[in-house]
file model13.txt (compact mmCIF, C-alpha atoms and all ligand atoms)
# COMPACT_ATOMS: atom_id res chain seq x y z
CA MET A 451 -36.05 65.18 -41.96
CA ARG A 452 -34.36 61.85 -41.16
CA LEU A 453 -37.62 59.99 -41.61
CA MET A 454 -38.17 61.71 -44.95
CA LYS A 455 -34.73 60.58 -46.06
CA ILE A 456 -35.54 56.99 -45.13
CA VAL A 457 -38.81 57.25 -47.01
CA TYR A 458 -37.05 58.53 -50.13
CA ILE A 459 -34.56 55.70 -49.97
CA LEU A 460 -37.43 53.25 -49.61
CA ILE A 461 -39.28 54.83 -52.48
CA PHE A 462 -36.50 54.66 -54.97
CA THR A 463 -34.14 51.86 -54.04
CA SER A 464 -36.05 48.77 -55.10
CA SER A 465 -39.53 47.68 -55.96
CA LEU A 466 -38.72 44.58 -53.90
CA LEU A 467 -38.44 46.79 -50.85
CA ALA A 468 -41.99 47.86 -51.44
CA HIS A 469 -43.07 44.42 -50.31
CA GLU A 470 -40.97 44.48 -47.19
CA SER A 471 -41.62 46.21 -43.92
CA GLY A 472 -41.14 49.96 -43.45
CA PHE A 473 -44.60 51.11 -44.42
CA GLU A 474 -46.43 50.27 -41.19
CA ASN A 475 -45.55 53.65 -39.67
CA ILE A 476 -46.61 55.67 -42.71
CA LYS A 477 -49.60 57.88 -41.95
CA ILE A 478 -52.13 58.75 -44.64
CA ARG A 479 -52.99 62.47 -44.59
CA ILE A 480 -55.74 63.98 -46.73
CA GLU A 481 -55.68 67.71 -47.57
CA ASN A 482 -58.21 69.70 -49.55
CA VAL A 483 -56.86 71.30 -52.74
CA ASN A 484 -59.97 73.08 -54.03
CA LYS A 485 -63.71 72.27 -53.92
CA ASN A 486 -64.11 68.47 -54.31
CA ILE A 487 -60.46 67.80 -55.15
CA TRP A 488 -58.15 66.47 -52.43
CA CYS A 489 -54.55 65.38 -52.12
CA VAL A 490 -53.58 62.21 -50.27
CA PHE A 491 -50.08 62.14 -48.78
CA GLY A 492 -48.45 58.89 -47.65
CA ALA A 493 -45.20 57.55 -49.11
CA GLY A 494 -44.41 57.87 -52.80
CA GLY A 495 -46.13 60.01 -55.41
CA ASN A 496 -48.87 62.35 -54.22
CA ILE A 497 -52.36 61.01 -54.86
CA GLY A 498 -54.99 63.39 -56.25
CA ILE A 499 -58.65 62.50 -55.82
CA SER A 500 -62.01 63.82 -56.99
CA VAL A 501 -64.84 63.06 -54.56
CA GLY A 502 -68.53 63.51 -55.35
CA GLU A 503 -71.82 61.92 -56.35
CA ASP A 504 -70.12 59.65 -58.91
CA GLY A 505 -67.71 58.33 -56.28
CA ILE A 506 -63.93 58.68 -56.14
CA LEU A 507 -61.50 59.06 -59.04
CA MET A 508 -57.94 58.52 -57.88
CA ILE A 509 -54.71 59.64 -59.56
CA ASP A 510 -51.77 57.34 -58.70
CA ASP A 511 -51.73 54.71 -55.97
CA GLN A 512 -48.29 54.75 -54.25
CA PHE A 513 -46.98 51.37 -52.96
CA ALA A 514 -48.65 47.96 -52.67
CA PRO A 515 -48.27 47.68 -48.86
CA LEU A 516 -50.19 50.97 -48.47
CA ALA A 517 -53.16 50.06 -50.68
CA GLU A 518 -55.42 48.81 -47.89
CA LYS A 519 -54.56 51.78 -45.67
CA ILE A 520 -55.27 54.26 -48.50
CA GLN A 521 -58.54 52.58 -49.44
CA SER A 522 -59.85 52.54 -45.88
CA ALA A 523 -58.72 56.15 -45.23
CA LEU A 524 -60.72 57.29 -48.28
CA GLU A 525 -63.79 55.20 -47.53
CA ASN A 526 -63.84 56.21 -43.86
CA LYS A 527 -63.58 59.93 -44.65
CA PHE A 528 -65.81 60.16 -47.68
CA HIS A 529 -68.08 57.06 -47.58
CA LYS A 530 -67.71 56.68 -51.36
CA LYS A 531 -66.38 53.94 -53.60
CA ILE A 532 -63.30 54.25 -55.83
CA LYS A 533 -64.50 54.23 -59.45
CA TYR A 534 -61.41 55.04 -61.53
CA ILE A 535 -57.64 54.89 -61.08
CA ILE A 536 -55.32 56.96 -63.26
CA ASN A 537 -51.55 56.32 -63.42
CA THR A 538 -49.52 59.43 -64.28
CA HIS A 539 -46.56 57.17 -65.32
CA TRP A 540 -45.11 53.69 -64.76
CA HIS A 541 -42.83 54.25 -61.72
CA GLY A 542 -43.47 51.96 -58.75
CA ASP A 543 -44.13 54.77 -56.28
CA HIS A 544 -47.12 55.79 -58.46
CA THR A 545 -48.38 52.35 -59.62
CA GLY A 546 -47.47 50.05 -56.72
CA GLY A 547 -51.09 49.73 -55.61
CA ASN A 548 -52.38 48.80 -59.09
CA GLU A 549 -52.75 45.06 -58.40
CA ALA A 550 -54.91 45.82 -55.35
CA PHE A 551 -56.97 48.66 -56.81
CA SER A 552 -57.66 46.98 -60.16
CA LYS A 553 -59.95 44.62 -58.23
CA ILE A 554 -62.32 47.52 -57.62
CA ALA A 555 -61.76 50.01 -60.45
CA PRO A 556 -60.37 50.21 -64.00
CA ILE A 557 -56.90 51.73 -64.44
CA ILE A 558 -56.38 54.46 -67.04
CA ALA A 559 -52.98 55.56 -68.40
CA GLN A 560 -51.14 56.72 -71.48
CA GLN A 561 -50.33 53.70 -73.65
CA ASN A 562 -46.54 53.77 -72.99
CA VAL A 563 -47.28 53.13 -69.29
CA LYS A 564 -48.97 49.87 -70.26
CA THR A 565 -46.02 48.83 -72.44
CA ARG A 566 -43.54 49.67 -69.66
CA LEU A 567 -45.49 47.69 -67.04
CA GLN A 568 -45.78 44.71 -69.40
CA ASN A 569 -42.02 44.53 -69.95
CA ILE A 570 -38.82 44.43 -67.89
CA GLN A 571 -37.42 47.94 -67.35
CA LYS A 572 -33.74 48.70 -66.82
CA ARG A 573 -32.04 51.73 -65.34
CA GLY A 574 -28.29 51.15 -65.38
CA SER A 575 -27.71 48.06 -63.26
CA ARG A 576 -31.20 48.21 -61.80
CA VAL A 577 -33.84 45.90 -63.19
CA PHE A 578 -37.57 46.34 -62.66
CA PRO A 579 -39.45 43.09 -63.29
CA LYS A 580 -42.53 43.12 -65.50
CA ARG A 581 -45.74 43.58 -63.60
CA PRO A 582 -48.60 41.04 -63.54
CA LYS A 583 -51.66 41.54 -65.71
CA GLU A 584 -53.62 42.88 -62.72
CA ALA A 585 -51.32 45.93 -62.65
CA TRP A 586 -51.78 46.90 -66.30
CA PRO A 587 -54.03 49.78 -67.33
CA THR A 588 -57.25 48.46 -68.84
CA ILE A 589 -57.98 51.76 -70.58
CA SER A 590 -55.11 53.45 -72.40
CA TYR A 591 -54.94 56.52 -74.58
CA GLN A 592 -52.46 58.16 -76.91
CA LYS A 593 -52.54 61.96 -76.64
CA HIS A 594 -55.67 63.19 -74.99
CA LEU A 595 -58.55 61.71 -72.98
CA GLU A 596 -61.59 63.32 -71.38
CA LEU A 597 -63.79 61.85 -68.68
CA GLU A 598 -67.01 63.31 -67.31
CA PHE A 599 -66.87 62.69 -63.55
CA ASN A 600 -68.42 64.43 -60.54
CA ASN A 601 -69.94 67.12 -62.76
CA GLU A 602 -66.74 68.26 -64.37
CA GLU A 603 -64.52 67.33 -67.24
CA VAL A 604 -61.37 65.52 -66.22
CA VAL A 605 -58.78 66.02 -68.95
CA LEU A 606 -55.71 63.83 -69.38
CA THR A 607 -52.91 65.15 -71.60
CA HIS A 608 -49.82 63.19 -72.58
CA LEU A 609 -46.57 65.09 -71.99
CA PRO A 610 -44.07 63.28 -74.22
CA ASN A 611 -40.47 62.39 -73.30
CA GLY A 612 -40.15 64.52 -70.16
CA HIS A 613 -40.02 62.60 -66.88
CA THR A 614 -40.54 59.30 -68.81
CA ASP A 615 -42.19 58.62 -72.17
CA GLY A 616 -45.68 58.00 -70.78
CA ASP A 617 -46.54 60.89 -68.48
CA SER A 618 -50.02 62.30 -68.10
CA ILE A 619 -51.09 65.50 -66.45
CA VAL A 620 -54.69 65.50 -65.22
CA TYR A 621 -56.82 68.66 -65.15
CA PHE A 622 -60.09 69.11 -63.25
CA SER A 623 -61.74 71.76 -65.36
CA LYS A 624 -64.27 73.28 -62.92
CA SER A 625 -62.15 72.96 -59.78
CA LYS A 626 -59.15 74.31 -61.71
CA VAL A 627 -56.76 71.80 -60.19
CA LEU A 628 -53.95 70.20 -62.16
CA HIS A 629 -52.13 67.02 -61.10
CA MET A 630 -48.63 67.37 -62.54
CA GLY A 631 -47.33 63.84 -61.86
CA ASP A 632 -43.54 63.85 -61.77
CA HIS A 633 -43.28 66.88 -64.01
CA PHE A 634 -43.19 68.75 -60.71
CA PHE A 635 -41.06 68.06 -57.63
CA THR A 636 -41.81 71.22 -55.63
CA LYS A 637 -38.63 72.96 -54.45
CA ARG A 638 -36.43 70.00 -55.41
CA PHE A 639 -34.24 68.91 -58.29
CA PRO A 640 -36.38 66.67 -60.50
CA PHE A 641 -35.83 63.03 -61.22
CA ILE A 642 -35.70 62.67 -65.01
CA ASP A 643 -35.73 59.03 -66.07
CA ILE A 644 -33.55 59.17 -69.18
CA HIS A 645 -33.54 55.34 -69.30
CA THR A 646 -37.27 55.08 -69.96
CA GLY A 647 -37.84 57.87 -72.44
CA GLY A 648 -37.38 60.97 -70.29
CA SER A 649 -35.17 63.91 -71.30
CA VAL A 650 -34.22 67.31 -69.91
CA SER A 651 -35.16 69.11 -73.13
CA GLY A 652 -38.54 67.34 -73.24
CA TYR A 653 -39.12 68.07 -69.55
CA LEU A 654 -38.46 71.79 -70.13
CA LYS A 655 -40.69 71.83 -73.20
CA ASN A 656 -43.51 70.18 -71.24
CA LEU A 657 -43.21 72.63 -68.34
CA SER A 658 -43.29 75.53 -70.76
CA PHE A 659 -46.46 74.04 -72.32
CA VAL A 660 -48.14 73.92 -68.89
CA LEU A 661 -47.05 77.48 -68.01
CA LYS A 662 -48.46 78.77 -71.31
CA ASN A 663 -51.72 76.83 -71.36
CA PHE A 664 -53.06 76.95 -67.81
CA SER A 665 -54.28 80.04 -65.99
CA LYS A 666 -52.28 81.63 -63.17
CA GLU A 667 -55.01 80.64 -60.69
CA THR A 668 -54.61 76.89 -61.34
CA LYS A 669 -53.83 74.94 -58.18
CA LEU A 670 -51.15 72.31 -58.60
CA ILE A 671 -50.65 68.87 -57.10
CA PRO A 672 -46.98 68.02 -57.66
CA GLY A 673 -45.85 64.40 -58.00
CA HIS A 674 -43.73 65.01 -54.90
CA GLY A 675 -43.75 67.86 -52.39
CA ILE A 676 -46.34 70.27 -50.99
CA LEU A 677 -49.39 71.67 -52.81
CA SER A 678 -48.22 74.43 -55.13
CA SER A 679 -49.14 77.37 -57.33
CA MET A 680 -48.34 78.29 -60.94
CA SER A 681 -45.75 80.79 -59.66
CA ASP A 682 -44.03 77.91 -57.79
CA LEU A 683 -43.98 76.04 -61.09
CA GLU A 684 -42.48 79.07 -62.86
CA LYS A 685 -39.66 79.21 -60.26
CA TYR A 686 -39.06 75.48 -60.69
CA TYR A 687 -38.92 75.88 -64.48
CA GLN A 688 -36.40 78.73 -64.16
CA MET A 689 -34.25 76.66 -61.79
CA ILE A 690 -34.07 73.82 -64.35
CA LEU A 691 -33.45 76.25 -67.21
CA ASN A 692 -30.65 78.04 -65.31
CA THR A 693 -28.89 74.94 -63.95
CA ASN A 694 -29.10 73.30 -67.38
CA LYS A 695 -27.58 76.38 -69.06
CA MET A 696 -24.80 76.45 -66.48
CA VAL A 697 -23.88 72.80 -67.10
CA GLN A 698 -24.19 73.05 -70.91
CA ASP A 699 -21.96 76.18 -70.97
CA LYS A 700 -19.30 74.40 -68.92
CA LYS A 701 -19.60 71.32 -71.12
CA ARG A 702 -19.08 73.45 -74.22
CA ALA A 703 -16.01 74.95 -72.53
CA LYS A 704 -14.71 71.33 -72.47
CA LYS A 705 -14.89 70.98 -68.70
CA SER A 706 -15.12 67.38 -67.50
CA LEU A 707 -18.11 66.04 -65.60
CA GLU A 708 -15.89 65.59 -62.54
CA LEU A 709 -14.80 69.23 -62.64
CA ILE A 710 -18.36 70.52 -63.13
CA ILE A 711 -19.48 68.45 -60.13
CA LYS A 712 -16.55 69.82 -58.10
CA GLU A 713 -17.43 73.42 -59.03
CA GLY A 714 -21.09 72.80 -58.16
CA LEU A 715 -24.11 74.93 -59.04
CA GLY A 716 -23.58 77.56 -56.35
CA ASP A 717 -25.43 78.48 -53.16
CA LYS A 718 -28.55 79.64 -55.00
CA PHE A 719 -29.48 76.06 -55.88
CA LYS A 720 -28.23 74.23 -52.75
CA SER A 721 -31.69 73.91 -51.22
CA TYR A 722 -33.02 71.93 -54.21
CA ALA A 723 -30.87 68.87 -53.36
CA TRP A 724 -32.69 66.05 -51.55
CA GLY A 725 -32.34 62.39 -50.58
CA PHE A 726 -32.78 60.93 -54.04
CA ILE A 727 -31.44 63.71 -56.31
CA SER A 728 -28.30 65.27 -54.86
CA GLU A 729 -26.61 68.17 -56.66
CA LYS A 730 -24.12 65.64 -58.09
CA LYS A 731 -26.88 63.43 -59.50
CA TRP A 732 -28.67 66.42 -61.03
CA ILE A 733 -25.46 67.61 -62.72
CA GLU A 734 -24.90 64.07 -64.07
CA VAL A 735 -28.35 64.01 -65.67
CA LEU A 736 -27.87 67.47 -67.20
CA PHE A 737 -24.45 66.43 -68.47
CA VAL A 738 -25.38 63.12 -70.12
CA ASP A 739 -28.82 64.08 -71.44
CA LYS A 740 -28.94 64.30 -75.21
CA LYS A 741 -29.89 67.72 -76.52
CA ASP A 742 -32.58 68.14 -79.19
ZN ZN A 801 -41.63 59.12 -61.32

call {"tool": "encode", "arguments": {"input": "model13.txt", "output": "structure tokens"}}
result
Amino acid sequence: MRLMKIVYILIFTSSLLAHESGFENIKIRIENVNKNIWCVFGAGGNIGISVGEDGILMIDDQFAPLAEKIQSALENKFHKKIKYIINTHWHGDHTGGNEAFSKIAPIIAQQNVKTRLQNIQKRGSRVFPKRPKEAWPTISYQKHLELEFNNEEVVLTHLPNGHTDGDSIVYFSKSKVLHMGDHFFTKRFPFIDIHTGGSVSGYLKNLSFVLKNFSKETKLIPGHGILSSMSDLEKYYQMILNTNKMVQDKKRAKKSLELIIKEGLGDKFKSYAWGFISEKKWIEVLFVDKKD
């Protein structure tokens, strides 16, 4: 648990840290999701991969210092080359390896990811420098993109203004696996980046879209956390809906942010707090987020 906490701090404190030590002890673990779709766990956002006769398609690439380790883990296990990289959104724990992987494969992302990586990003007092050209997606799309890879359609759909403004979910149509990016933090409060186009209302709308449009049998790769089911996603959606309602009701009753934090969300939601998003932080996001 302590190690996980350190990892979370590393993941989210600074992109500069990504270039410092702390990653040498990270182990790369590869778990099958369904058929030829696998999940790669290391540090940062979960990587989803499709492996087959066309090679490897990889969704997200964690941190720069892990790129070599990830690439050799995949090549040693599967003896295939990486052919495509997809970025689910711009955050450094999902795009940190872009500079390294762009040498071997094109990077695909929604067009707002490209704009964010090309420009300085700010989150309160935190500043994220622009990324070099090598980290930019070379193929970008607006709403919807389909690729034919390893004998199935790989479908990218833009989920607007949820976690950020450039999030993609990626669906493997025959394997029935969906990579959710950071629209799913299994069993945890989500991080919603309201400084780069994310919003609670958009996040809820996007989750409801997924719950309505994908079958109950779909297997889910969350951006963070263990492999999950659609019923796990439904529980997560309800948790966000309920905690949001609680905070909005209190806000309407003219309670201050400080008081709402003091009162808390109750025991039912205690277990959702984690290293990066404490109950206090989650309440703050729900409180300040603009409503549609
Ligand atoms: Zn993220």

call {"tool": "residues_near_ligand", "arguments": {"input": "model13.txt", "ligand": "ligand ZN 801 (chain A)", "cutoff": "12 Å", "atoms": "only C-alpha atoms and all ligand atoms", "output": "PyMOL selection string"}}
result
chain A and resi 461-462+494-496+510+512+537-546+563+612-618+630-635+640-648+672-674+726

call {"tool": "residues_around", "arguments": {"input": "model13.txt", "residues": "His529 (chain A)", "least_positions_apart": "5", "cutoff": "10 Å", "atoms": "only C-alpha atoms", "output": "PyMOL selection string"}}
result
chain A and resi 501+505-506+522-524

call {"tool": "write_last_selection", "arguments": {"input": "model13.txt", "atoms": "C-alpha atoms", "output": "JSON list (two decimals), in the frame of the given file"}}
result
[["chain", "number", "residue", "atom", "x", "y", "z"],
["A", 501, "VAL", "CA", -64.84, 63.06, -54.56],
["A", 505, "GLY", "CA", -67.71, 58.33, -56.28],
["A", 506, "ILE", "CA", -63.93, 58.68, -56.14],
["A", 522, "SER", "CA", -59.85, 52.54, -45.88],
["A", 523, "ALA", "CA", -58.72, 56.15, -45.23],
["A", 524, "LEU", "CA", -60.72, 57.29, -48.28]]

call {"tool": "residues_around", "arguments": {"input": "model13.txt", "residues": "Pro579 (chain A)", "least_positions_apart": "3", "cutoff": "8 Å", "atoms": "all atoms listed in the file", "output": "PyMOL selection string"}}
result
chain A and resi 569-571

call {"tool": "write_last_selection", "arguments": {"input": "model13.txt", "atoms": "C-alpha atoms", "output": "PDB file, in the frame of the given file"}}
result
ATOM      1  CA  ASN A 569     -42.020  44.530 -69.950  1.00  0.00           C
ATOM      2  CA  ILE A 570     -38.820  44.430 -67.890  1.00  0.00           C
ATOM      3  CA  GLN A 571     -37.420  47.940 -67.350  1.00  0.00           C
TER       4      GLN A 571
END

call {"tool": "residues_near_point", "arguments": {"input": "model13.txt", "point": "(-31.5, 80.0, -57.2)", "cutoff": "9 Å", "atoms": "only C-alpha atoms", "output": "ChimeraX atom specification"}}
result
/A:685,688-689,692-693,716-722

call {"tool": "atom_distance", "arguments": {"input": "model13.txt", "atom1": "CA of Lys626 (chain A)", "atom2": "CA of Ile676 (chain A)"}}
result
17.2 Å

call {"tool": "closest_residue", "arguments": {"input": "model13.txt", "among": "A:Thr668, A:Asn694, A:Ser625, A:Ser552", "to": "Ala514 (chain A)", "atoms": "all atoms listed in the file"}}
result
A:Ser552
